[in-house]
Structures are given as C-alpha cells and as structure tokens.
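Raw entry01.txt, compact mmCIF, C-alpha atoms:
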```
# COMPACT_ATOMS: atom_id res chain seq x y z
CA MET E 1 0.00 0.00 0.00
CA THR E 2 1.41 3.44 -0.88
CA ALA E 3 2.14 5.77 1.97
CA PRO E 4 0.59 9.22 1.87
CA ILE E 5 3.00 11.84 0.48
CA SER E 6 3.00 13.88 3.62
CA ASN E 7 4.55 10.97 5.52
CA ILE E 8 7.68 10.87 3.38
CA ALA E 9 10.51 12.67 5.04
CA PRO E 10 11.88 15.41 2.79
CA ILE E 11 15.47 15.17 1.56
CA ALA E 12 17.64 17.55 3.49
CA LEU E 13 21.31 18.40 3.10
CA PRO E 14 23.41 17.58 6.11
CA GLN E 15 22.96 20.69 8.23
CA ALA E 16 26.64 21.16 8.94
CA ILE E 17 27.76 21.32 5.35
CA ALA E 18 25.08 23.57 3.88
CA PRO E 19 25.71 26.78 5.84
CA ALA E 20 29.51 26.30 5.65
CA ALA E 21 29.40 25.89 1.89
CA ALA E 22 27.15 28.91 1.52
CA ALA E 23 29.35 30.99 3.83
CA SER E 24 32.67 30.15 2.13
CA GLN E 25 31.30 30.76 -1.33
CA SER E 26 29.69 34.05 -0.45
CA GLY E 27 32.75 34.98 1.67
CA GLU E 28 35.18 34.54 -1.21
CA PHE E 29 33.05 36.44 -3.64
CA GLN E 30 32.45 39.13 -1.07
CA ASN E 31 36.19 39.52 -0.52
CA VAL E 32 36.83 39.75 -4.21
CA LEU E 33 34.06 42.30 -4.57
CA SER E 34 35.16 44.48 -1.68
CA SER E 35 38.82 44.44 -2.68
CA ALA E 36 37.80 45.44 -6.20
CA ILE E 37 35.67 48.25 -4.87
CA ASN E 38 38.53 49.38 -2.60
CA SER E 39 41.01 49.53 -5.45
CA ILE E 40 38.55 51.47 -7.60
CA GLU E 41 38.02 53.84 -4.69
CA SER E 42 41.75 54.30 -4.07
CA LEU E 43 42.40 54.98 -7.77
CA ARG E 44 39.65 57.58 -7.76
CA ASN E 45 41.13 59.15 -4.63
CA SER E 46 44.62 59.41 -6.09
CA ALA E 47 43.17 60.86 -9.28
CA SER E 48 41.25 63.42 -7.28
CA ASP E 49 44.39 64.27 -5.25
CA SER E 50 46.40 64.64 -8.42
CA VAL E 51 43.87 67.00 -9.97
CA GLN E 52 43.82 69.02 -6.74
CA LYS E 53 47.61 69.32 -6.74
CA PHE E 54 47.64 70.35 -10.37
CA LEU E 55 44.94 72.99 -9.86
CA THR E 56 46.61 74.54 -6.81
CA GLY E 57 49.88 74.88 -8.68
CA GLN E 58 51.85 72.31 -6.74
CA ASN E 59 54.61 70.38 -8.39
CA GLU E 60 52.39 68.00 -10.37
CA GLU E 61 52.97 67.25 -14.03
CA LEU E 62 49.93 67.54 -16.26
CA HIS E 63 50.46 64.14 -17.86
CA THR E 64 50.61 62.54 -14.39
CA THR E 65 47.22 64.04 -13.56
CA VAL E 66 45.74 63.03 -16.92
CA LEU E 67 46.99 59.45 -16.54
CA ALA E 68 45.72 59.16 -12.97
CA THR E 69 42.24 60.21 -14.08
CA GLN E 70 42.33 57.83 -17.05
CA LYS E 71 43.32 54.90 -14.84
CA ALA E 72 40.56 55.71 -12.36
CA GLU E 73 38.06 56.00 -15.19
CA LEU E 74 39.09 52.64 -16.65
CA ALA E 75 38.93 50.92 -13.26
CA PHE E 76 35.49 52.37 -12.68
CA GLU E 77 34.33 51.35 -16.16
CA LEU E 78 35.58 47.82 -15.54
CA GLY E 79 33.77 47.67 -12.23
CA LEU E 80 30.62 48.92 -13.90
CA GLN E 81 30.76 46.32 -16.67
CA VAL E 82 31.42 43.52 -14.18
CA ARG E 83 28.46 44.69 -12.11
CA ASN E 84 26.25 44.72 -15.20
CA LYS E 85 27.30 41.20 -16.09
CA VAL E 86 26.67 39.96 -12.56
CA VAL E 87 23.22 41.57 -12.53
CA ASP E 88 22.43 40.04 -15.93
CA ALA E 89 23.56 36.61 -14.73
CA TYR E 90 21.44 36.96 -11.60
CA GLN E 91 18.41 37.87 -13.63
CA GLU E 92 19.02 34.91 -15.95
CA ILE E 93 19.08 32.60 -13.00
CA MET E 94 15.93 34.14 -11.55
CA LYS E 95 14.17 33.57 -14.83
CA MET E 96 14.91 29.87 -14.73
CA GLN E 97 11.93 27.63 -14.09
CA VAL E 98 12.81 25.37 -11.22
CA MET R 1 45.13 47.31 -12.50
CA ILE R 2 46.74 48.73 -15.58
CA ASP R 3 49.86 46.84 -16.54
CA SER R 4 53.47 47.81 -16.03
CA LEU R 5 53.69 49.09 -19.61
CA THR R 6 51.64 52.19 -18.79
CA ASP R 7 53.76 52.71 -15.66
CA SER R 8 56.92 52.55 -17.77
CA LEU R 9 55.46 54.96 -20.30
CA GLU R 10 54.48 57.36 -17.53
CA GLN R 11 57.98 57.32 -16.02
CA TYR R 12 59.45 57.78 -19.50
CA MET R 13 57.30 60.87 -20.01
CA ASN R 14 58.42 62.18 -16.60
CA VAL R 15 62.11 61.84 -17.44
CA VAL R 16 61.68 63.36 -20.91
CA SER R 17 59.79 66.30 -19.37
CA LEU R 18 62.55 66.88 -16.87
CA ARG R 19 65.21 66.76 -19.56
CA GLN R 20 63.25 69.23 -21.69
CA LYS R 21 63.02 71.61 -18.73
CA LEU R 22 66.81 71.52 -18.43
CA VAL R 23 67.12 72.26 -22.16
CA THR R 24 64.86 75.33 -21.87
CA SER R 25 66.98 76.59 -18.95
CA ASN R 26 70.15 76.08 -21.01
CA ILE R 27 68.68 77.96 -23.97
CA ALA R 28 67.47 80.85 -21.79
CA ASN R 29 70.95 81.10 -20.25
CA ALA R 30 72.88 80.76 -23.52
CA ASP R 31 74.45 84.17 -22.94
CA THR R 32 74.67 84.26 -19.14
CA PRO R 33 78.26 84.62 -17.98
CA GLY R 34 79.49 81.65 -15.96
CA TYR R 35 76.43 79.46 -16.64
CA LYS R 36 77.17 75.75 -17.17
CA THR R 37 74.99 73.47 -19.29
CA GLN R 38 72.80 71.11 -17.25
CA ASP R 39 71.60 67.71 -18.44
CA LEU R 40 70.75 64.23 -17.15
CA ASP R 41 71.82 60.73 -18.17
CA PHE R 42 68.59 59.60 -19.78
CA GLN R 43 68.77 55.80 -19.45
CA ALA R 44 70.17 55.94 -15.93
CA SER R 45 67.47 58.39 -14.86
CA PHE R 46 64.77 56.29 -16.53
CA GLN R 47 65.91 53.11 -14.76
CA SER R 48 66.10 54.97 -11.49
CA ALA R 49 62.59 56.39 -12.03
CA LEU R 50 61.22 52.89 -12.69
CA ASP R 51 62.61 51.87 -9.30
CA GLY R 52 60.97 54.86 -7.67
CA GLY R 53 63.99 57.13 -7.44
CA ALA R 54 64.29 60.73 -8.57
CA PRO R 55 66.31 61.64 -11.67
CA GLN R 56 69.38 63.76 -10.97
CA SER R 57 70.62 66.53 -13.19
CA ALA R 58 74.31 67.23 -13.54
CA GLU R 59 76.72 69.53 -15.35
CA VAL R 60 77.75 68.43 -18.79
CA THR R 61 81.43 67.79 -19.42
CA GLY R 62 83.34 68.21 -22.63
CA LEU R 63 81.70 71.40 -23.87
CA ALA R 64 83.72 74.34 -25.13
CA THR R 65 83.74 77.26 -22.71
CA LYS R 66 83.55 80.82 -23.93
CA ASN R 67 85.53 83.68 -22.46
CA ASP R 68 82.81 84.63 -19.99
CA GLY R 69 82.64 81.10 -18.55
CA ASN R 70 79.44 80.12 -20.38
CA ASN R 71 79.50 76.73 -22.11
CA VAL R 72 76.05 76.50 -23.71
CA ASP R 73 76.09 75.14 -27.27
CA LEU R 74 72.89 76.27 -28.96
CA ASP R 75 73.16 73.63 -31.68
CA ARG R 76 73.31 70.88 -29.09
CA GLU R 77 70.34 72.32 -27.21
CA ALA R 78 68.31 72.71 -30.41
CA ARG R 79 68.94 69.07 -31.26
CA LEU R 80 67.90 67.93 -27.77
CA LEU R 81 64.82 70.15 -27.91
CA ALA R 82 63.60 68.37 -31.06
CA GLU R 83 64.57 64.92 -29.76
CA ASN R 84 62.79 65.33 -26.43
CA ALA R 85 59.67 66.67 -28.12
CA MET R 86 59.53 63.65 -30.43
CA ARG R 87 60.14 61.17 -27.64
CA PHE R 88 57.38 62.71 -25.56
CA SER R 89 55.03 62.62 -28.53
CA ALA R 90 55.86 58.95 -29.20
CA ALA R 91 55.32 57.98 -25.56
CA SER R 92 52.03 59.84 -25.29
CA ASN R 93 50.74 58.27 -28.51
CA LEU R 94 51.73 54.82 -27.31
CA MET R 95 50.02 55.57 -24.02
CA ARG R 96 46.84 56.66 -25.74
CA SER R 97 46.77 53.50 -27.83
CA GLN R 98 47.35 51.40 -24.70
CA LEU R 99 44.52 53.12 -22.81
CA ASN R 100 42.18 52.73 -25.78
CA THR R 101 42.98 49.03 -26.03
CA VAL R 102 42.17 48.47 -22.38
CA LYS R 103 38.97 50.48 -22.72
CA GLU R 104 37.91 48.38 -25.74
CA ALA R 105 38.63 45.19 -23.84
CA ILE R 106 36.47 46.35 -20.94
CA GLN R 107 33.58 47.44 -23.12
CA GLY R 108 33.73 44.20 -25.08
CA GLY R 109 33.58 45.93 -28.42
CA LYS R 110 30.29 47.73 -27.83
CA SER R 111 29.95 51.32 -26.70
CA SER R 112 27.73 51.51 -23.65
CA MET Z 1 54.40 73.95 -12.01
CA SER Z 2 56.09 71.31 -14.09
CA LEU Z 3 56.21 71.95 -17.80
CA PHE Z 4 54.32 75.21 -17.37
CA SER Z 5 57.27 76.68 -15.53
CA ALA Z 6 59.45 75.78 -18.53
CA LEU Z 7 57.29 78.24 -20.47
CA SER Z 8 58.27 80.92 -17.95
CA VAL Z 9 61.94 80.03 -18.44
CA SER Z 10 61.71 80.52 -22.21
CA ALA Z 11 59.74 83.73 -21.70
CA SER Z 12 62.51 85.06 -19.46
CA GLY Z 13 65.04 84.18 -22.16
CA MET Z 14 63.03 86.03 -24.78
CA ALA Z 15 62.70 89.11 -22.57
CA ALA Z 16 66.41 89.15 -21.78
CA GLN Z 17 67.43 88.82 -25.44
CA ARG Z 18 65.02 91.57 -26.41
CA ALA Z 19 66.53 93.88 -23.80
CA ARG Z 20 70.00 92.97 -25.04
CA ALA Z 21 68.99 93.73 -28.63
CA ALA Z 22 67.52 97.08 -27.59
CA VAL Z 23 70.80 98.09 -25.97
CA LEU Z 24 72.82 96.97 -28.99
CA VAL Z 25 70.56 98.89 -31.36
CA GLU Z 26 71.00 101.97 -29.20
CA ASN Z 27 74.78 101.58 -29.37
CA ILE Z 28 74.77 101.18 -33.13
CA ALA Z 29 72.43 104.13 -33.67
CA ASN Z 30 74.64 106.35 -31.47
CA SER Z 31 78.02 105.20 -32.73
CA GLU Z 32 78.76 108.71 -34.00
CA THR Z 33 76.90 110.77 -31.38
CA THR Z 34 79.34 113.34 -30.00
CA ARG Z 35 76.84 115.44 -28.10
CA THR Z 36 74.36 114.11 -25.54
CA THR Z 37 72.00 115.78 -23.04
CA GLU Z 38 74.29 114.71 -20.17
CA GLY Z 39 77.22 116.34 -21.94
CA GLY Z 40 80.00 114.53 -23.73
CA PRO Z 41 79.80 111.77 -26.29
CA TYR Z 42 77.46 108.78 -26.17
CA ARG Z 43 78.61 106.20 -23.66
CA ARG Z 44 78.41 102.58 -24.68
CA LYS Z 45 75.87 100.39 -22.84
CA ASP Z 46 75.93 96.67 -22.11
CA ALA Z 47 73.16 94.41 -20.85
CA ILE Z 48 74.28 92.20 -17.96
CA PHE Z 49 72.71 88.76 -17.86
CA SER Z 50 72.35 86.67 -14.73
CA SER Z 51 70.50 83.45 -13.92
CA GLU Z 52 67.32 83.67 -11.93
CA ASP Z 53 64.98 80.95 -10.68
CA VAL Z 54 61.50 81.13 -12.09
CA SER Z 55 58.25 79.56 -11.04
CA SER Z 56 55.12 79.13 -13.09
CA ALA Z 57 52.42 81.78 -13.06
CA PHE Z 58 50.13 79.11 -11.64
CA GLY Z 59 52.65 77.94 -9.08
CA SER Z 60 51.97 78.67 -5.47
CA GLU Z 61 54.27 81.00 -3.61
CA LEU Z 62 54.26 78.55 -0.72
CA ASP Z 63 55.45 75.73 -2.88
CA ALA Z 64 58.29 77.83 -4.22
CA GLN Z 65 59.30 78.75 -0.67
CA LEU Z 66 59.22 75.11 0.40
CA GLY Z 67 61.86 74.35 -2.17
CA GLY Z 68 59.53 72.97 -4.77
CA GLU Z 69 61.02 72.52 -8.18
CA GLN Z 70 62.80 75.70 -9.29
CA LEU Z 71 63.91 76.10 -12.86
CA THR Z 72 66.74 78.40 -13.92
CA GLY Z 73 65.72 81.29 -16.10
CA VAL Z 74 67.60 84.45 -16.94
CA LYS Z 75 67.17 88.14 -16.34
CA VAL Z 76 68.93 91.34 -17.24
CA SER Z 77 70.29 92.30 -13.86
CA GLY Z 78 71.49 95.67 -15.04
CA ILE Z 79 72.71 97.86 -17.84
CA SER Z 80 76.32 98.83 -17.45
CA VAL Z 81 77.45 102.14 -18.89
CA ASP Z 82 80.99 102.44 -20.16
CA ASN Z 83 82.43 105.37 -18.21
CA THR Z 84 86.01 104.98 -19.32
CA PRO Z 85 87.55 108.01 -20.99
CA PRO Z 86 86.23 108.35 -24.54
CA GLU Z 87 88.30 108.02 -27.68
CA LYS Z 88 89.57 111.20 -29.17
CA ARG Z 89 89.76 111.80 -32.87
CA TYR Z 90 91.50 114.70 -34.52
CA LEU Z 91 88.78 116.67 -36.39
CA PRO Z 92 89.59 120.36 -36.02
CA GLY Z 93 86.60 121.64 -38.03
CA HIS Z 94 84.04 119.65 -36.04
CA PRO Z 95 81.55 121.75 -33.98
CA ASP Z 96 82.27 119.62 -30.90
CA ALA Z 97 86.05 119.81 -31.21
CA ASP Z 98 87.89 120.95 -28.11
CA ALA Z 99 90.63 123.58 -28.05
CA ASP Z 100 93.20 121.18 -29.51
CA GLY Z 101 90.90 120.09 -32.32
CA TYR Z 102 90.12 116.69 -30.80
CA VAL Z 103 86.57 115.35 -30.72
CA SER Z 104 85.52 112.84 -28.06
CA MET Z 105 83.93 109.92 -29.89
CA PRO Z 106 81.77 107.11 -28.51
CA LYS Z 107 83.64 103.88 -27.89
CA VAL Z 108 81.26 101.92 -30.07
CA ASN Z 109 82.36 99.48 -32.74
CA PRO Z 110 79.26 99.17 -34.95
CA ALA Z 111 80.47 96.00 -36.71
CA GLU Z 112 81.01 94.24 -33.41
CA ASP Z 113 77.62 95.27 -32.08
CA MET Z 114 76.00 94.21 -35.34
CA VAL Z 115 77.41 90.70 -34.94
CA ASP Z 116 76.25 90.74 -31.33
CA LEU Z 117 72.79 91.75 -32.51
CA MET Z 118 72.65 88.76 -34.84
CA SER Z 119 73.64 86.53 -31.95
CA ALA Z 120 70.89 88.05 -29.80
CA ASN Z 121 68.44 87.36 -32.60
CA ARG Z 122 69.54 83.75 -32.86
CA SER Z 123 69.22 83.25 -29.13
CA TYR Z 124 65.79 84.87 -29.19
CA GLN Z 125 64.69 82.47 -31.93
CA ALA Z 126 66.02 79.53 -29.94
CA ASN Z 127 63.89 80.58 -26.95
CA VAL Z 128 60.85 80.90 -29.21
CA SER Z 129 61.43 77.35 -30.51
CA ALA Z 130 61.83 76.06 -26.97
CA MET Z 131 58.56 77.64 -25.88
CA SER Z 132 56.80 76.19 -28.90
CA ALA Z 133 58.16 72.69 -28.25
CA VAL Z 134 57.08 72.78 -24.60
CA LYS Z 135 53.65 74.05 -25.57
CA ASP Z 136 53.28 71.06 -27.92
CA MET Z 137 54.24 68.66 -25.14
CA ILE Z 138 51.62 70.14 -22.84
CA GLN Z 139 49.06 69.83 -25.61
CA LYS Z 140 49.99 66.16 -26.07
CA SER Z 141 49.29 65.56 -22.39
CA ILE Z 142 45.89 67.17 -22.76
CA ASP Z 143 45.19 65.00 -25.81
CA LEU Z 144 45.57 61.89 -23.66
CA LEU Z 145 42.17 62.77 -22.28
CA ARG Z 146 40.45 62.12 -25.57
```
Represent the structure of the file as structure tokens.
Amino acid sequence: MTAPISNIAPIALPQAIAPAAAASQSGEFQNVLSSAINSIESLRNSASDSVQKFLTGQNEELHTTVLATQKAELAFELGLQVRNKVVDAYQEIMKMQV
Amino acid sequence: MIDSLTDSLEQYMNVVSLRQKLVTSNIANADTPGYKTQDLDFQASFQSALDGGAPQSAEVTGLATKNDGNNVDLDREARLLAENAMRFSAASNLMRSQLNTVKEAIQGGKSS
Amino acid sequence: MSLFSALSVSASGMAAQRARAAVLVENIANSETTRTTEGGPYRRKDAIFSSEDVSSAFGSELDAQLGGEQLTGVKVSGISVDNTPPEKRYLPGHPDADADGYVSMPKVNPAEDMVDLMSANRSYQANVSAMSAVKDMIQKSIDLLR
C-alpha cells in the first residue's frame, strides 16, 4: 500500500555542510568584490588628489594628472561592466523555471 | 590594474619632461656669464625612475667654454629640444593606444 | 608647475634677449653721437645677464618657498654704462672739437655690435622654438584625455 506523500521525510542536506558551503562561497566572492571596490576607490582618490595638486599649482605634471584620471576611469568602467554582467547573470538565474 | 607598460610609459614621459626643462633653462641662459649646461643621463634616470627614485641633473662635461665662462652650445640644445619633443610625442601616442585598447577590452567591443 | 614653468623660463630668455637687442641697437644708432644731453659723447651700454629661478604663473608661492622645483631662467640684472675716458679723434673743423681740435667719440664698434645683434636674434629664436616645443608637449598631455 502506498504511503501518503506527507509521511515521506523530505530530503535535506546535512545541516553542517550547507551553511559552511554557503558561507565560504559568499565569503570569497564578497572579498573579491570588496577588494575590487577598494582599489577602484583608491584609484579615484589618487586621481582626485592629483587634480587638486595640479589645480593649486603644486609640483604636479599635467600628464601625471591626466593618466591618474584615465586609470581611475578605466577601473570604474571595468567595475561597472562587471556589475552589469553579474546583474544580468542573476536575472538569468531568476528567470529559470525550477 | 593597468599593466606595467603604462607605468613605464608614464615614467618615460616624466624623465623626458625633466630633460626638456633643463634644455629650456640652457637655452634661456645661452648668454649668461658663468652658466654651465645642465643635463641628465637619460637611461640611468629612466631606470632609477622605474625603481621609484628621482632623476638627478648634472653639469655636462666636454663642452667648449667661452671667455665669460658660459659653455652652452645652442646647436646641441636645439637638437635635444627636437629629440625630447619627439620622444614625448611617441610615448604619449603609445600611451593613448594602450589606454584605448584596455577600454575596448572592458567594453567588449560595444559602446555603452 | 612642471612643464608650465618651462614656459616661464623661455619667456625670461626672450625678454632678456630683447633687452640685449635694444641696448645693442641703441649703441649702433649712437656710434657717431658726439653730443648728448648729459654732456660729452654717447657712452656705450651693455646688458648684464644673470641666472634667476622662475616659477610658473600658476605655481603657489608657498610651494616655491618650500623648495619645490625651481627652474633656472635668466634676467637682465642691469645695464652697465661704459664710463672709461672716450676716444679722441682729430677733427679740427668739427663743432664739438675741443681747443686742440680733438673730438671725443663714442667707444662703439658698430660692426662688433652688429654681430652681437645677430647673436641676440639667434638666441631669441632659440627661446621661441623652446617655448613652442614645450607648448606642444603640454598639448599632447591634454590629448591623452580624448
């Protein structure tokens, strides 16, 4: 005789592994993300400092300032594109029928 | 994030700028009694700049000295003026191409 | 500062050479002047050059004081007047002749000053070229922003 469905115990991952796996995966990605954001931020800060020094007539070469701003811009652009890709991927996953 | 090539190019532009500044000083003082031509050893200064040091300028030896103690040779300075300008131009063009390449790579070939 | 102060250096060179040329032209024009308002013949003048540190127009005074980068320009530190006794030429009929028939003439050699003038011109041109080259370099830096 078949048992009613409600009596079948659901499959569950071993409790210990699941949170650890989730934590280490999100931890790594989080570290990568925050270090990327930090380096973008520090590049933007040095660019901003360089522009400030140039404007106030301190001993800053123009090409140094221009290059600092270009590097900051590229880093930011990269971060932006990565973010767009991550958001797209997330949305793809959300669209999946499970 | 950007590779060491752009760092090298930036240091190159720094050293060329410094050398050009010395050339303009030499030209301005071409008739100043007692003035000695100043220059820097380009490759040595460039290597030192790559390692984070500051380029050093020094007096140039082997130039003919006039009666008033001045040893500026305008032909030499004119040659260096042109050479430095071309080197700076080359480095900045290479830099621009490098930055554009990185930008293209980031944008994946589409303008967003 | 930076490359902009190199523009000031070339500008100082141009100004100094112009002052030098002005003095030479005055000498040449007055090479035969036997009578001046101060009395006596024209006295030869010379522009004295000396090195002087320049900072950019945009540079801060504080930075210059703190020993920020100083570039060596030039300035005319003075005009020296030749006060040595003038040459005397024997021209008894000349209106400015003294009792013995000698006229005090300016100690100017026009040929020498002419050559000097050409040298001043050449140096001036060199400073103009230098300023132009530096301006191009600055422009190249700006173009990196495109």
At most 6 Å to chain Z: residues in chain E, only C-alpha atoms, as a ChimeraX atom specification: /E:57,59,61,63
Based on all atoms listed in the file, which of the residues in chain R come within 9 Å of chain E? I want them as a ChimeraX atom specification. /R:1-2,6,10,13-14,17,92,95,99,102-103,106-107
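Distance annotation: of R:Arg87, R:Lys36, R:Arg76, R:Lys21, the residue with the minimal separation from chain Z is R:Lys21; atom set is only C-alpha atoms.
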Residues within 12 Å of (85.6, 85.7, -20.2), file coords, all atoms listed in the file, listed as an NGL selection string: :R and (31-35 or 65-71)
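Between CA of Ala47 (chain E) and CA of Glu60 (chain E) there is a distance of 11.7 Å.
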Which residues are near Val60 (chain R)? Cut-off 8 Å, all atoms listed in the file, ignore same chain within fewer than 4 positions. Put them as a PyMOL selection string. chain R and resi 36-39
I need the chain Z residues near chain R as a list in words; criterion: at most 6 Å, counting all atoms listed in the file. Ala6, Ser10, Gly13, Phe49, Ser50, Thr72, Gly73, Val74, Ala130 and Leu144 of chain Z
Selection file, C-alpha atoms, as a short mmCIF file (atom, residue, chain, number, x, y, z; two decimals), keeping the file's coordinate frame:
```cif
data_model
loop_
_atom_site.label_atom_id
_atom_site.label_comp_id
_atom_site.auth_asym_id
_atom_site.auth_seq_id
_atom_site.Cartn_x
_atom_site.Cartn_y
_atom_site.Cartn_z
CA ALA Z 6 59.45 75.78 -18.53
CA SER Z 10 61.71 80.52 -22.21
CA GLY Z 13 65.04 84.18 -22.16
CA PHE Z 49 72.71 88.76 -17.86
CA SER Z 50 72.35 86.67 -14.73
CA THR Z 72 66.74 78.40 -13.92
CA GLY Z 73 65.72 81.29 -16.10
CA VAL Z 74 67.60 84.45 -16.94
CA ALA Z 130 61.83 76.06 -26.97
CA LEU Z 144 45.57 61.89 -23.66
#
```
Just give me the gap between CA of Gln91 (chain E) and CA of Phe29 (chain E) in Å, one decimal is fine. 17.8 Å
